[in-house]
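Below: one structure, written as structure tokens.
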Amino acid sequence: NTNLFSDIRVGSGSSSPESLTVVGNKMFFTANDGINGRELWVTDGTTVSLVKDIYPGATGSSPEELVASGGKLFFSADHPTFGEELWVSDGTEAGTTLVSDIYPGSSDSRIESMVSFTGGRVIFKARTADAGEELWIADNSTATLLKDIVPGMSSSDPQELYKIPGKRLVYFSAFTLEHGRELWRTDGTAAGTVFVSDLYLGEDYSAPRDFHYRKRKLYFSALDKEKGRELFSVRVN
């Protein structure tokens with residue numbers, strides 16, 4: 001049978017649940033109950049509850065980028081003091097905390113493309129005044145700039161982050177003046193964050209995307225100077 005599980009926003013209004021994410025025996029999601037704005041909610045399959053009113057009042061913290069790692073949920077959320085930053089939750093109010101104010105003050109770090117990584121960590125793109133938009137890594141208490149690929153305030157703008165199943169590797173696209181937007185990978189260390197291949201030589205770039213791993217190869221879509229956008233692969237060791 002198909003039944004209404006919970007009328008979070010009581011009455012005819014919609015709570016519009018989004019970003020359903022399973023962590024252990026719990027499922028997290030975002031919803032708007034009409035009182036607290038869009039916030040983080042959780043269910044154990046029996047009851048449904050608001051995890052925490054991160055942005056007090058009706059505004060809502062608008063959690064995004066929900067990712068399970070190490071038995072906890074990582075996500076970005078807005079806050080009147082910290083702006084949009086990285087948070088972590090174990091499903092309880094007390095256990096839902098700010099990981100780091102990456103862009104200090106009320107400015108937003110603009111976390112995007114977050115993926116789970118080994119050791120209960122996550123890798124993602126974030127913005128700061130000093131480094132621009134670059135690659136970051138975090139556990140449940142600390143966030144660290146993984147590598148300033150384009151040194152200084154300019155950005156490499158990492159996108160399309162993809163964790164290789166069963167391996168300590170994340171592939172992504174990044175932009176540099178030398179190569180344009182091309183294929184990179186990281187093993188979670190600065191030294192292991194490296195350029196992979198310049199598929200589109202010259203001033204233009206291949207803009208790799210839509211990654212999928214199968215049988216020791218990473219497949220993806222990329223632009224070729226002569227063939228246009230086609231299917232490419234690279235062996236993953």
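Order determines the names: the first chain of the structure tokens is A, the second B, and so forth; residues in each chain are numbered 1 upward, and ligands are numbered 1 upward as they are shown.
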
Handout entry: Close residues, Leu86 in chain A itself excluded, 7 Å, only C-alpha atoms, min 2 positions apart in chain, as JSON, numbers by chain
Key = {"A": [75, 76, 77, 98, 99, 100]}

Exercise for the section: List every residue of chain A that DSSP, applied to the backbone of this structure, assigns to strand (DSSP E), and report them as a ChimeraX atom specification. Expected result: /A:18-23,26-32,38-43,48-52,64-69,72-77,85-89,97-100,112-117,121-128,132-138,143-147,159-163,170-176,180-186,194-197,209-214,217-224,228-235

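From CA of Ser156 in chain A back to CA of Glu133 in chain A, the distance works out to 6.4 Å.
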
Practice task
Go through A:Ile123, A:Leu223, A:Met27, A:Val67 and flag the residue nearest Ala138 in chain A, using only C-alpha atoms for the distances.
Solution key: A:Ile123

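Excluding Gly119 in chain A and any residue on its chain fewer than 5 positions from it, the residues at most 12 Å away by only C-alpha atoms are A:Ala68, A:Ser69, A:Gly70, A:Gly71, A:Lys72, A:Ile137, A:Ala138, A:Asp139, A:Asn140, A:Arg168, A:Gly188.
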
Practice task
Identify, on the basis of only C-alpha atoms, every residue whose closest approach to range 35-48 of chain A does not exceed 9 Å; exclude the query and any residue fewer than 2 positions from it along the same chain; express the result as an MDAnalysis selection string.
Solution key: chainID A and resid 5:6 8:9 15 17 25:33 50:63 77 91:92

Fill in the blank from the handout: The distance between CA of Val22 in chain A and CA of Tyr162 in chain A is 18.7 Å

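Here CA of Gly83 in chain A stands at a distance of 20.6 Å from CA of Ser19 in chain A.
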
Practice task
Find the residues near Lys215 in chain A: any atom within 12 Å, counting only C-alpha atoms, skip ones fewer than 6 places away on the same chain, and give them as number ranges by chain.
Solution key: A: 164-166, 233-237

Residues of the last selection are to be written out with N, CA and C atoms, as a PDB file, in the first residue's frame.
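Done, and the output landed in selection-v2.pdb:
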ATOM      1  N   ILE A 164      35.621   7.381  -6.938  1.00  0.00           N
ATOM      2  CA  ILE A 164      35.740   6.057  -7.536  1.00  0.00           C
ATOM      3  C   ILE A 164      35.349   5.012  -6.491  1.00  0.00           C
ATOM      4  N   PRO A 165      34.347   4.184  -6.765  1.00  0.00           N
ATOM      5  CA  PRO A 165      33.916   3.179  -5.781  1.00  0.00           C
ATOM      6  C   PRO A 165      35.051   2.251  -5.371  1.00  0.00           C
ATOM      7  N   GLY A 166      35.244   2.093  -4.068  1.00  0.00           N
ATOM      8  CA  GLY A 166      36.251   1.173  -3.554  1.00  0.00           C
ATOM      9  C   GLY A 166      37.676   1.672  -3.629  1.00  0.00           C
ATOM     10  N   SER A 233      37.512   7.631 -22.074  1.00  0.00           N
ATOM     11  CA  SER A 233      37.789   6.785 -20.906  1.00  0.00           C
ATOM     12  C   SER A 233      39.240   6.941 -20.492  1.00  0.00           C
ATOM     13  N   VAL A 234      39.492   6.687 -19.210  1.00  0.00           N
ATOM     14  CA  VAL A 234      40.846   6.697 -18.691  1.00  0.00           C
ATOM     15  C   VAL A 234      40.968   5.533 -17.713  1.00  0.00           C
ATOM     16  N   ARG A 235      42.081   4.837 -17.738  1.00  0.00           N
ATOM     17  CA  ARG A 235      42.292   3.715 -16.832  1.00  0.00           C
ATOM     18  C   ARG A 235      42.565   4.228 -15.431  1.00  0.00           C
ATOM     19  N   VAL A 236      41.951   3.601 -14.446  1.00  0.00           N
ATOM     20  CA  VAL A 236      42.122   3.997 -13.059  1.00  0.00           C
ATOM     21  C   VAL A 236      42.948   2.945 -12.345  1.00  0.00           C
ATOM     22  N   ASN A 237      44.115   3.321 -11.855  1.00  0.00           N
ATOM     23  CA  ASN A 237      45.010   2.379 -11.187  1.00  0.00           C
ATOM     24  C   ASN A 237      44.787   2.403  -9.669  1.00  0.00           C
TER      25      ASN A 237
END
